[in-house]
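Q: The following block contains the structure, expressed as structure tokens.
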Amino acid sequence: MLLSHLRDTPREARGWRLWFSAWAVGALGISRGLDEGIISGVLKQHSFIKTFGFDDNSPQEATIASQLQLGSVAGSAIAFFLCDRLGRLRTSMLACLLWLFGTAIWMTSAGVSGTHSPGNYHQLLAGRFIAGLGVGFTPVVAPVYLAEIAPKAIRGLTVCIFSGSVYIGILLGYWSNLGTSIHYDDARQWTIPASINFIFAGLTFIACIFAKESPRWLIKQGRYEEGRKTLSYLRNLDEDHPYIVNEVEVMEQQILAEKEALEGLSIFQILKKLVTNKNNQYILFLGLGIQVLGQMSGGGVYTVFAPKIFGLLGVPGGQRTKLLTTGIFGIVKLLSSLAAAFFLVDMLGRKTAVTTGLLLQSLCSLYLALFLKFTSGVTKANETHSDKSAATGAIFFFYLSGLAWAIGVNSVQYLTQTEMFDITVRALGVAIVSLVHFAMQYAATRSLNPMLHAWGNFGTFLFYAMIALTGCLFVFFFMPETAGMQLEDIHQLFEKPWYRIGWTANRPANRKGATSSKVEADESQDGADLAYSAQLGQKKSIEEEEDEKKH
């Protein structure tokens with residue numbers, strides 16, 4: 001049945017208590033989405049261009065757009081040190097304060113009313129960098145928190161609150177740009193959209209005050225009774241309910257074993273465990289590969305520079321028309337992310353979602369590349385009916401690329417890394433992957449204009465198509481399916497030989513009951529391989545831990 005994956009989760013465990021805490025922290029994604037949506041239009045608003053005096057396609061344009069990502073690189077590194085020490089909620093609240101403070105600085109870089117001309121370009125960059133520090137916290141703390149509080153059957157849906165909230169922010173940014181471009185022709189064109197940050201940063205901060213801390217983090221800190229009570233509250237079940245007892249028992253056993261293994265280890269020894277343990281090496285390789293290939297596939301670039309790309313595709317009309325088509329692009333992305341959250345990542349699996357998304361991205365970018373190559377030089381004067389049809393197709397495929405990005409890479413890039421790392425290296429592993437995420441996002445955003453100048457429209461979009469196809473193959477061959485598994489059990493997937501991990505683990509655990517007898521036999525063989533590998537891995541792990549403690 002469609003919802004059979006929920007059969008082992010009590011109805012009470014999916015109540016409002018879980019969703020309030022999940023949305024309180026998951027809404028941090030709005031910080032990134034708002035900026036991407038706002039800055040995409042602000043860079044084309046005549047009042048903003050006049051105030052800061054930069055040209056279209058100039059290095060200053062790219063620097064302003066990418067400065068927040070640069071701050072996010074540093075923010076994700078800082079968040080690692082704070083996430084385990086302060087807790088998930090207090091780190092989230094600190095992210096909100098940096099988000100507020102940075103926005104206030106860059107929003108007032110042309111005076112409180114935005115009317116000082118010329119504006120303070122360096123203050124603009126500094127404010128966006130500080131806001132980026134807060135935004136950089138969010139993919140470290142939010143997906144980890146959401147994965148830790150969610151029942152395993154709906155963990156994908158819960159973590160997708162974060163990626164979904166990114167699209168809520170993008171949508172708000174896009175449409176606020178359109179609204180202010182229609183009603184104002186002064187600095188309010190960009191100061192009003194920027195001020196929306198204050199509303200959501202404040203609401204998220206207040207919501208975090210009333211949310212519950214992660215039970216896994218509490219138990220890891222030795223606060224066992226508080227962790228049990230918190231889990232009982234979130235699940236809306238008594239502490240002695242079998243579901244709670246089982247979940248707490250698995251958490252405590254796993255955390256106790258890991259504490260014993262890491263007792264007395266420094267941060268450098270934890271880093272050594274991350275980069276020398278074969279399971280962690282594979283997970284790190286997978287996480288970094290998805291980030292590098294995903295960001296360089298153009299999905300994020302299309303979001304930030306949507307009005308610019310609509311201009312390249314020949315969308316008729318002025319700036320307002322481009323902002324309108326961009327606003328529709330935001331709606332497509334939001335609806336696609338909701339579809340991924342409710343139907344793809346848990347029921348059909350993470351792997352199906354991301355491979356489908358990347359394959360669609362590749363096809364869309366290839367069409368855009370060919371369209372731009374063969375319609376180069378076409379003007380209104382010599383445009384044919386075929387040219388008009390091809391242009392309509394280009395707009396369709398650009399919208400389809402937004403759907404592909406939303407259901408694919410962006411729906412799982414925060415989820416997989418938080419699921420796969422064990423709790424002892426999770427914060428460090430997620431921080432490293434998040435740092436690379438923002439570094440690659442910065443590189444992709446910063447490189448669009450140089451690529452267009454050097455390779456032209458055809459070469460740039462062909463590059464995006466090839467990278468997306470490479471990413472699709474990478475995920476198909478190397479990424480295992482983790483849907484339906486409890487966090488503490490996922491590590492078993494990586495006890496197989498490395499070349500079998502992605503190739504054989506392709507089905508969500510919660511849907512394996514529908515497999516044929518042949519597939520079940522294959523999975524039984526995989527289980528035997530897994531058990532044998534686990535025995536070898538356990539022996540090797542004990543030797544590694546003894547060696548780490550000696551050093």
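Chain labels follow the order of the structure tokens: the first chain is A, the next B, and so on; residue numbering restarts at 1 in every chain, and ligands are counted from 1 in their shown order.
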Name the residues in contact with range 30-46 of chain A at a cut-off of 7 Å, using only C-alpha atoms, excluding same-chain residues fewer than 5 positions from it; report them as a list in words.
A: Glu61, Ala65, Val135, Ser165, Val166, Tyr167, Ile168, Gly169, Ile170, Leu171, Leu172, Gly173, Tyr174, Asn177, Gln189, Trp190, Pro193, Ala194, Thr303, Val304, Phe305, Ala306, Pro307 and Leu323 of chain A
Q: I need the chosen residues saved as a tab-separated table (two decimals), in the first residue's frame, with N, CA and C atoms.
A:
chain	number	residue	atom	x	y	z
A	61	GLU	N	28.98	42.36	-9.51
A	61	GLU	CA	27.70	41.67	-9.45
A	61	GLU	C	27.87	40.27	-8.88
A	65	ALA	N	26.55	38.71	-5.16
A	65	ALA	CA	25.70	37.52	-5.14
A	65	ALA	C	26.32	36.39	-4.33
A	135	VAL	N	23.74	31.69	8.07
A	135	VAL	CA	23.20	30.76	7.09
A	135	VAL	C	24.05	29.49	7.04
A	165	SER	N	11.74	24.48	3.28
A	165	SER	CA	11.71	25.86	3.76
A	165	SER	C	12.65	26.75	2.95
A	166	VAL	N	13.69	26.15	2.37
A	166	VAL	CA	14.56	26.91	1.45
A	166	VAL	C	13.71	27.46	0.30
A	167	TYR	N	12.83	26.62	-0.22
A	167	TYR	CA	12.00	27.04	-1.36
A	167	TYR	C	10.90	28.00	-0.95
A	168	ILE	N	10.44	27.90	0.29
A	168	ILE	CA	9.50	28.92	0.78
A	168	ILE	C	10.19	30.28	0.78
A	169	GLY	N	11.44	30.30	1.24
A	169	GLY	CA	12.21	31.54	1.23
A	169	GLY	C	12.45	32.06	-0.17
A	170	ILE	N	12.81	31.15	-1.08
A	170	ILE	CA	13.04	31.56	-2.47
A	170	ILE	C	11.77	32.17	-3.06
A	171	LEU	N	10.64	31.52	-2.82
A	171	LEU	CA	9.37	32.01	-3.34
A	171	LEU	C	9.04	33.40	-2.80
A	172	LEU	N	9.22	33.58	-1.49
A	172	LEU	CA	8.98	34.90	-0.89
A	172	LEU	C	9.90	35.96	-1.48
A	173	GLY	N	11.17	35.60	-1.68
A	173	GLY	CA	12.12	36.54	-2.25
A	173	GLY	C	11.76	36.94	-3.68
A	174	TYR	N	11.43	35.93	-4.49
A	174	TYR	CA	11.06	36.21	-5.89
A	174	TYR	C	9.86	37.15	-5.98
A	177	ASN	N	10.33	40.76	-4.76
A	177	ASN	CA	11.02	41.55	-5.79
A	177	ASN	C	10.05	42.05	-6.85
A	189	GLN	N	12.60	49.32	-3.47
A	189	GLN	CA	12.63	48.14	-4.35
A	189	GLN	C	13.46	47.01	-3.74
A	190	TRP	N	14.52	47.35	-3.00
A	190	TRP	CA	15.36	46.31	-2.42
A	190	TRP	C	15.37	46.29	-0.90
A	193	PRO	N	12.16	43.93	0.36
A	193	PRO	CA	12.45	42.49	0.34
A	193	PRO	C	13.48	42.08	1.39
A	194	ALA	N	14.53	42.90	1.57
A	194	ALA	CA	15.56	42.56	2.56
A	194	ALA	C	15.00	42.52	3.97
A	303	THR	N	18.86	29.07	-9.76
A	303	THR	CA	18.03	29.74	-8.74
A	303	THR	C	18.47	31.18	-8.52
A	304	VAL	N	19.78	31.38	-8.33
A	304	VAL	CA	20.30	32.71	-8.01
A	304	VAL	C	20.22	33.66	-9.20
A	305	PHE	N	20.46	33.13	-10.40
A	305	PHE	CA	20.50	33.98	-11.59
A	305	PHE	C	19.30	33.74	-12.52
A	306	ALA	N	18.16	33.35	-11.95
A	306	ALA	CA	16.98	33.04	-12.79
A	306	ALA	C	16.59	34.21	-13.71
A	307	PRO	N	16.47	35.46	-13.20
A	307	PRO	CA	16.10	36.55	-14.12
A	307	PRO	C	17.11	36.73	-15.25
A	323	LEU	N	10.94	39.07	-13.77
A	323	LEU	CA	10.67	38.79	-12.36
A	323	LEU	C	9.40	37.94	-12.19
Q: Neighbouring residues of range 123-129 of chain A were defined as those with any atom within 10 Å, considering only C-alpha atoms; residues of the same chain fewer than 4 positions away were excluded. Please report them as an NGL selection string.
A: :A and (35 or 52 or 63-75 or 98-110 or 119 or 133-135)
Q: I'd like the interatomic distance between CA of Ile432 in chain A and CA of Ile206 in chain A, to a tenth of an Å.
A: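 Computed distance, CA of Ile432 in chain A to CA of Ile206 in chain A, equals 28.6 Å.
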Q: Check the DSSP output for the backbone and give back, as a compact mmCIF listing (two decimals) with N, CA and C atoms, in the first residue's frame, the residues of range 312-480 of chain A in alpha helix (DSSP H).
A:
# COMPACT_ATOMS: atom_id res chain seq x y z
N LEU A 312 18.63 35.50 -21.15
CA LEU A 312 19.39 34.78 -22.18
C LEU A 312 18.47 33.97 -23.08
N GLN A 319 12.05 44.12 -17.26
CA GLN A 319 12.49 43.50 -16.02
C GLN A 319 11.33 42.89 -15.24
N ARG A 320 10.18 43.54 -15.25
CA ARG A 320 9.04 43.01 -14.50
C ARG A 320 8.59 41.66 -15.04
N THR A 321 8.62 41.50 -16.36
CA THR A 321 8.25 40.22 -16.96
C THR A 321 9.20 39.12 -16.54
N LYS A 322 10.49 39.45 -16.51
CA LYS A 322 11.49 38.46 -16.08
C LYS A 322 11.28 38.09 -14.61
N LEU A 323 10.94 39.07 -13.77
CA LEU A 323 10.67 38.79 -12.36
C LEU A 323 9.40 37.94 -12.19
N LEU A 324 8.41 38.17 -13.06
CA LEU A 324 7.19 37.37 -13.00
C LEU A 324 7.49 35.92 -13.36
N THR A 325 8.21 35.70 -14.46
CA THR A 325 8.55 34.33 -14.84
C THR A 325 9.43 33.68 -13.78
N THR A 326 10.27 34.47 -13.11
CA THR A 326 11.09 33.95 -12.02
C THR A 326 10.21 33.55 -10.84
N GLY A 327 9.18 34.35 -10.55
CA GLY A 327 8.25 34.01 -9.47
C GLY A 327 7.54 32.70 -9.72
N ILE A 328 7.14 32.47 -10.97
CA ILE A 328 6.52 31.19 -11.33
C ILE A 328 7.52 30.05 -11.16
N PHE A 329 8.78 30.32 -11.50
CA PHE A 329 9.86 29.34 -11.29
C PHE A 329 9.94 28.94 -9.82
N GLY A 330 9.77 29.92 -8.92
CA GLY A 330 9.79 29.63 -7.49
C GLY A 330 8.64 28.74 -7.07
N ILE A 331 7.45 28.96 -7.64
CA ILE A 331 6.30 28.11 -7.33
C ILE A 331 6.56 26.67 -7.76
N VAL A 332 7.12 26.51 -8.97
CA VAL A 332 7.44 25.17 -9.47
C VAL A 332 8.39 24.46 -8.51
N LYS A 333 9.39 25.17 -8.03
CA LYS A 333 10.38 24.56 -7.13
C LYS A 333 9.76 24.18 -5.79
N LEU A 334 8.92 25.04 -5.25
CA LEU A 334 8.30 24.75 -3.95
C LEU A 334 7.39 23.53 -4.06
N LEU A 335 6.52 23.48 -5.08
CA LEU A 335 5.62 22.35 -5.25
C LEU A 335 6.40 21.05 -5.49
N SER A 336 7.51 21.15 -6.20
CA SER A 336 8.34 19.97 -6.47
C SER A 336 8.98 19.46 -5.18
N SER A 337 9.43 20.38 -4.34
CA SER A 337 10.05 19.96 -3.07
C SER A 337 9.03 19.29 -2.16
N LEU A 338 7.78 19.78 -2.19
CA LEU A 338 6.72 19.14 -1.40
C LEU A 338 6.43 17.73 -1.92
N ALA A 339 6.42 17.58 -3.24
CA ALA A 339 6.20 16.25 -3.82
C ALA A 339 7.32 15.29 -3.40
N ARG A 350 15.59 7.63 -1.41
CA ARG A 350 16.46 8.77 -1.68
C ARG A 350 17.15 8.60 -3.05
N LYS A 351 17.56 7.38 -3.33
CA LYS A 351 18.34 7.12 -4.55
C LYS A 351 17.49 7.36 -5.80
N THR A 352 16.25 6.90 -5.77
CA THR A 352 15.35 7.13 -6.91
C THR A 352 15.15 8.62 -7.15
N ALA A 353 14.98 9.37 -6.06
CA ALA A 353 14.75 10.81 -6.17
C ALA A 353 15.93 11.51 -6.82
N VAL A 354 17.13 11.24 -6.33
CA VAL A 354 18.29 12.01 -6.79
C VAL A 354 18.73 11.59 -8.19
N THR A 355 18.65 10.30 -8.53
CA THR A 355 19.03 9.89 -9.89
C THR A 355 18.04 10.42 -10.92
N THR A 356 16.75 10.38 -10.58
CA THR A 356 15.74 10.94 -11.49
C THR A 356 15.96 12.42 -11.69
N GLY A 357 16.20 13.13 -10.58
CA GLY A 357 16.41 14.58 -10.67
C GLY A 357 17.61 14.95 -11.50
N LEU A 358 18.74 14.28 -11.29
CA LEU A 358 19.96 14.61 -12.03
C LEU A 358 19.84 14.26 -13.51
N LEU A 359 19.16 13.16 -13.82
CA LEU A 359 18.98 12.80 -15.23
C LEU A 359 18.11 13.85 -15.94
N LEU A 360 17.05 14.30 -15.27
CA LEU A 360 16.21 15.35 -15.85
C LEU A 360 16.99 16.65 -16.01
N GLN A 361 17.81 16.99 -15.00
CA GLN A 361 18.64 18.19 -15.09
C GLN A 361 19.55 18.15 -16.31
N SER A 362 20.15 16.99 -16.53
CA SER A 362 21.06 16.85 -17.66
C SER A 362 20.33 17.09 -18.98
N LEU A 363 19.17 16.50 -19.13
CA LEU A 363 18.40 16.65 -20.36
C LEU A 363 17.97 18.10 -20.56
N CYS A 364 17.54 18.75 -19.46
CA CYS A 364 17.10 20.15 -19.56
C CYS A 364 18.25 21.07 -19.96
N SER A 365 19.40 20.91 -19.32
CA SER A 365 20.55 21.76 -19.64
C SER A 365 21.03 21.53 -21.05
N LEU A 366 20.95 20.27 -21.51
CA LEU A 366 21.35 19.96 -22.89
C LEU A 366 20.43 20.68 -23.89
N TYR A 367 19.13 20.67 -23.62
CA TYR A 367 18.20 21.39 -24.51
C TYR A 367 18.51 22.88 -24.52
N LEU A 368 18.76 23.46 -23.33
CA LEU A 368 19.06 24.89 -23.27
C LEU A 368 20.34 25.21 -24.04
N ALA A 369 21.34 24.33 -23.94
CA ALA A 369 22.59 24.55 -24.66
C ALA A 369 22.36 24.55 -26.17
N LEU A 370 21.61 23.56 -26.63
CA LEU A 370 21.35 23.46 -28.07
C LEU A 370 20.47 24.62 -28.55
N PHE A 371 19.50 25.00 -27.75
CA PHE A 371 18.64 26.13 -28.11
C PHE A 371 19.46 27.40 -28.27
N LEU A 372 20.34 27.68 -27.30
CA LEU A 372 21.14 28.91 -27.34
C LEU A 372 22.15 28.88 -28.50
N LYS A 373 22.60 27.67 -28.87
CA LYS A 373 23.55 27.56 -29.98
C LYS A 373 22.87 27.85 -31.32
N PHE A 374 21.71 27.24 -31.52
CA PHE A 374 21.09 27.30 -32.84
C PHE A 374 20.17 28.52 -33.03
N HIS A 385 8.43 30.99 -36.87
CA HIS A 385 7.51 30.25 -36.00
C HIS A 385 8.26 29.15 -35.25
N SER A 386 9.19 28.49 -35.93
CA SER A 386 9.99 27.44 -35.28
C SER A 386 10.83 28.01 -34.15
N ASP A 387 11.38 29.20 -34.36
CA ASP A 387 12.17 29.85 -33.31
C ASP A 387 11.30 30.12 -32.07
N LYS A 388 10.07 30.57 -32.33
CA LYS A 388 9.17 30.86 -31.20
C LYS A 388 8.84 29.58 -30.45
N SER A 389 8.60 28.50 -31.18
CA SER A 389 8.29 27.22 -30.53
C SER A 389 9.48 26.72 -29.72
N ALA A 390 10.68 26.88 -30.29
CA ALA A 390 11.89 26.46 -29.58
C ALA A 390 12.09 27.28 -28.32
N ALA A 391 11.77 28.58 -28.37
CA ALA A 391 11.89 29.45 -27.20
C ALA A 391 10.91 29.05 -26.11
N THR A 392 9.69 28.70 -26.52
CA THR A 392 8.71 28.21 -25.55
C THR A 392 9.20 26.92 -24.90
N GLY A 393 9.79 26.06 -25.72
CA GLY A 393 10.36 24.83 -25.19
C GLY A 393 11.49 25.10 -24.21
N ALA A 394 12.31 26.11 -24.50
CA ALA A 394 13.42 26.45 -23.60
C ALA A 394 12.91 26.89 -22.23
N ILE A 395 11.85 27.70 -22.23
CA ILE A 395 11.27 28.13 -20.95
C ILE A 395 10.70 26.94 -20.19
N PHE A 396 10.02 26.04 -20.93
CA PHE A 396 9.48 24.82 -20.31
C PHE A 396 10.60 24.00 -19.66
N PHE A 397 11.69 23.80 -20.41
CA PHE A 397 12.78 22.97 -19.88
C PHE A 397 13.50 23.67 -18.73
N PHE A 398 13.52 24.99 -18.73
CA PHE A 398 14.11 25.68 -17.58
C PHE A 398 13.26 25.46 -16.34
N TYR A 399 11.94 25.54 -16.48
CA TYR A 399 11.06 25.23 -15.36
C TYR A 399 11.23 23.77 -14.92
N LEU A 400 11.35 22.87 -15.89
CA LEU A 400 11.52 21.45 -15.58
C LEU A 400 12.83 21.22 -14.83
N SER A 401 13.86 22.00 -15.16
CA SER A 401 15.14 21.87 -14.44
C SER A 401 14.97 22.25 -12.97
N GLY A 402 14.09 23.23 -12.70
CA GLY A 402 13.81 23.59 -11.31
C GLY A 402 13.14 22.47 -10.57
N LEU A 403 12.20 21.79 -11.23
CA LEU A 403 11.56 20.61 -10.64
C LEU A 403 12.59 19.53 -10.37
N ALA A 404 13.47 19.30 -11.35
CA ALA A 404 14.48 18.24 -11.22
C ALA A 404 15.42 18.51 -10.05
N TRP A 405 15.85 19.76 -9.91
CA TRP A 405 16.75 20.11 -8.80
C TRP A 405 16.05 19.94 -7.46
N ALA A 406 14.76 20.32 -7.40
CA ALA A 406 14.02 20.26 -6.14
C ALA A 406 13.76 18.83 -5.69
N ILE A 407 13.43 17.92 -6.63
CA ILE A 407 13.15 16.54 -6.24
C ILE A 407 14.42 15.71 -6.13
N VAL A 409 18.81 16.49 -6.15
CA VAL A 409 19.94 16.81 -5.26
C VAL A 409 19.49 17.60 -4.04
N ASN A 410 18.66 18.62 -4.24
CA ASN A 410 18.32 19.47 -3.11
C ASN A 410 17.43 18.78 -2.09
N SER A 411 16.73 17.71 -2.47
CA SER A 411 15.87 17.02 -1.51
C SER A 411 16.65 16.06 -0.64
N VAL A 412 17.83 15.62 -1.09
CA VAL A 412 18.57 14.61 -0.32
C VAL A 412 19.95 15.06 0.12
N LEU A 415 19.95 15.33 3.73
CA LEU A 415 19.44 14.15 4.42
C LEU A 415 20.46 13.04 4.50
N THR A 416 21.08 12.71 3.36
CA THR A 416 21.96 11.56 3.32
C THR A 416 23.15 11.70 4.26
N GLN A 417 23.75 12.89 4.30
CA GLN A 417 24.94 13.05 5.12
C GLN A 417 24.61 12.93 6.61
N THR A 418 23.42 13.37 7.03
CA THR A 418 23.05 13.28 8.44
C THR A 418 22.65 11.87 8.81
N GLU A 419 22.17 11.09 7.86
CA GLU A 419 21.78 9.70 8.15
C GLU A 419 22.98 8.78 8.24
N MET A 420 23.96 8.98 7.38
CA MET A 420 24.98 7.94 7.19
C MET A 420 26.11 7.97 8.20
N ILE A 423 27.07 8.73 15.13
CA ILE A 423 26.91 9.92 15.96
C ILE A 423 28.24 10.48 16.45
N THR A 424 29.28 9.65 16.54
CA THR A 424 30.56 10.14 17.05
C THR A 424 31.24 11.10 16.09
N VAL A 425 31.02 10.91 14.79
CA VAL A 425 31.66 11.78 13.80
C VAL A 425 30.62 12.56 13.00
N ARG A 426 29.33 12.46 13.39
CA ARG A 426 28.27 13.07 12.59
C ARG A 426 28.44 14.58 12.49
N ALA A 427 28.66 15.24 13.62
CA ALA A 427 28.77 16.70 13.59
C ALA A 427 29.96 17.14 12.74
N LEU A 428 31.11 16.46 12.91
CA LEU A 428 32.30 16.80 12.13
C LEU A 428 32.09 16.48 10.65
N GLY A 429 31.53 15.31 10.37
CA GLY A 429 31.31 14.92 8.99
C GLY A 429 30.34 15.84 8.27
N VAL A 430 29.23 16.17 8.94
CA VAL A 430 28.24 17.07 8.35
C VAL A 430 28.84 18.46 8.15
N ALA A 431 29.68 18.91 9.11
CA ALA A 431 30.31 20.22 8.98
C ALA A 431 31.23 20.28 7.77
N ILE A 432 32.01 19.21 7.56
CA ILE A 432 32.93 19.18 6.41
C ILE A 432 32.15 19.17 5.10
N VAL A 433 31.11 18.34 5.04
CA VAL A 433 30.30 18.28 3.82
C VAL A 433 29.59 19.61 3.59
N SER A 434 29.09 20.23 4.66
CA SER A 434 28.42 21.52 4.53
C SER A 434 29.39 22.61 4.09
N LEU A 435 30.62 22.55 4.61
CA LEU A 435 31.64 23.52 4.20
C LEU A 435 31.90 23.40 2.70
N VAL A 436 32.03 22.16 2.23
CA VAL A 436 32.24 21.95 0.79
C VAL A 436 31.00 22.36 0.01
N HIS A 437 29.83 22.13 0.58
CA HIS A 437 28.58 22.55 -0.06
C HIS A 437 28.60 24.04 -0.37
N PHE A 438 28.91 24.85 0.64
CA PHE A 438 28.91 26.30 0.43
C PHE A 438 30.10 26.75 -0.42
N ALA A 439 31.23 26.06 -0.27
CA ALA A 439 32.39 26.40 -1.11
C ALA A 439 32.06 26.17 -2.59
N MET A 440 31.40 25.05 -2.88
CA MET A 440 31.04 24.76 -4.27
C MET A 440 29.91 25.67 -4.75
N GLN A 441 29.00 26.02 -3.83
CA GLN A 441 27.94 26.97 -4.21
C GLN A 441 28.55 28.33 -4.53
N TYR A 442 29.52 28.74 -3.73
CA TYR A 442 30.23 29.99 -3.99
C TYR A 442 30.95 29.92 -5.34
N ALA A 443 31.64 28.80 -5.58
CA ALA A 443 32.38 28.64 -6.84
C ALA A 443 31.44 28.66 -8.03
N ALA A 444 30.30 27.96 -7.91
CA ALA A 444 29.35 27.91 -9.03
C ALA A 444 28.75 29.28 -9.30
N THR A 445 28.40 30.01 -8.23
CA THR A 445 27.82 31.34 -8.40
C THR A 445 28.84 32.32 -8.96
N ARG A 446 30.04 32.24 -8.43
CA ARG A 446 31.10 33.18 -8.83
C ARG A 446 31.58 32.94 -10.26
N SER A 447 31.43 31.70 -10.74
CA SER A 447 32.03 31.34 -12.03
C SER A 447 31.08 31.50 -13.22
N LEU A 448 29.79 31.78 -12.98
CA LEU A 448 28.86 31.85 -14.11
C LEU A 448 29.28 32.89 -15.15
N ASN A 449 29.50 34.13 -14.71
CA ASN A 449 29.86 35.18 -15.67
C ASN A 449 31.16 34.87 -16.41
N PRO A 450 32.25 34.44 -15.72
CA PRO A 450 33.46 34.07 -16.45
C PRO A 450 33.24 32.93 -17.44
N MET A 451 32.40 31.95 -17.08
CA MET A 451 32.12 30.84 -18.00
C MET A 451 31.38 31.33 -19.24
N LEU A 452 30.42 32.23 -19.04
CA LEU A 452 29.69 32.77 -20.18
C LEU A 452 30.62 33.55 -21.11
N HIS A 453 31.57 34.29 -20.53
CA HIS A 453 32.52 35.06 -21.33
C HIS A 453 33.49 34.13 -22.08
N ALA A 454 33.95 33.08 -21.39
CA ALA A 454 34.98 32.22 -21.97
C ALA A 454 34.41 31.16 -22.91
N TRP A 455 33.30 30.54 -22.53
CA TRP A 455 32.76 29.41 -23.29
C TRP A 455 31.53 29.76 -24.11
N GLY A 456 30.93 30.90 -23.81
CA GLY A 456 29.68 31.24 -24.48
C GLY A 456 28.50 30.52 -23.85
N ASN A 457 27.31 30.83 -24.32
CA ASN A 457 26.10 30.23 -23.78
C ASN A 457 26.07 28.72 -23.98
N PHE A 458 26.41 28.27 -25.19
CA PHE A 458 26.37 26.84 -25.49
C PHE A 458 27.32 26.05 -24.60
N GLY A 459 28.57 26.49 -24.51
CA GLY A 459 29.56 25.76 -23.72
C GLY A 459 29.19 25.71 -22.24
N THR A 460 28.65 26.80 -21.72
CA THR A 460 28.30 26.85 -20.30
C THR A 460 27.19 25.86 -19.96
N PHE A 461 26.13 25.86 -20.74
CA PHE A 461 25.01 24.97 -20.43
C PHE A 461 25.32 23.52 -20.78
N LEU A 462 26.17 23.30 -21.76
CA LEU A 462 26.62 21.94 -22.05
C LEU A 462 27.44 21.39 -20.88
N PHE A 463 28.27 22.25 -20.29
CA PHE A 463 29.03 21.85 -19.10
C PHE A 463 28.09 21.41 -17.98
N TYR A 464 27.05 22.18 -17.74
CA TYR A 464 26.08 21.81 -16.70
C TYR A 464 25.42 20.48 -17.01
N ALA A 465 25.10 20.23 -18.29
CA ALA A 465 24.46 18.98 -18.68
C ALA A 465 25.38 17.79 -18.43
N MET A 466 26.66 17.92 -18.76
CA MET A 466 27.61 16.82 -18.58
C MET A 466 27.87 16.53 -17.10
N ILE A 467 27.95 17.58 -16.29
CA ILE A 467 28.17 17.37 -14.86
C ILE A 467 26.96 16.70 -14.23
N ALA A 468 25.75 17.10 -14.62
CA ALA A 468 24.54 16.46 -14.07
C ALA A 468 24.49 14.98 -14.44
N LEU A 469 24.85 14.65 -15.67
CA LEU A 469 24.86 13.24 -16.09
C LEU A 469 25.91 12.45 -15.31
N THR A 470 27.07 13.05 -15.11
CA THR A 470 28.11 12.40 -14.30
C THR A 470 27.61 12.17 -12.88
N GLY A 471 26.92 13.16 -12.31
CA GLY A 471 26.37 13.02 -10.97
C GLY A 471 25.34 11.91 -10.89
N CYS A 472 24.51 11.78 -11.92
CA CYS A 472 23.51 10.71 -11.96
C CYS A 472 24.17 9.34 -11.91
N LEU A 473 25.21 9.14 -12.71
CA LEU A 473 25.94 7.86 -12.72
C LEU A 473 26.65 7.62 -11.39
N PHE A 474 27.21 8.68 -10.83
CA PHE A 474 27.90 8.57 -9.54
C PHE A 474 26.95 8.06 -8.46
N VAL A 475 25.78 8.66 -8.38
CA VAL A 475 24.80 8.27 -7.36
C VAL A 475 24.31 6.85 -7.61
N PHE A 476 24.05 6.50 -8.87
CA PHE A 476 23.53 5.17 -9.18
C PHE A 476 24.50 4.07 -8.75
N PHE A 477 25.78 4.28 -8.97
CA PHE A 477 26.75 3.23 -8.68
C PHE A 477 27.28 3.25 -7.25
N PHE A 478 27.22 4.38 -6.56
CA PHE A 478 27.88 4.47 -5.26
C PHE A 478 26.96 4.73 -4.06
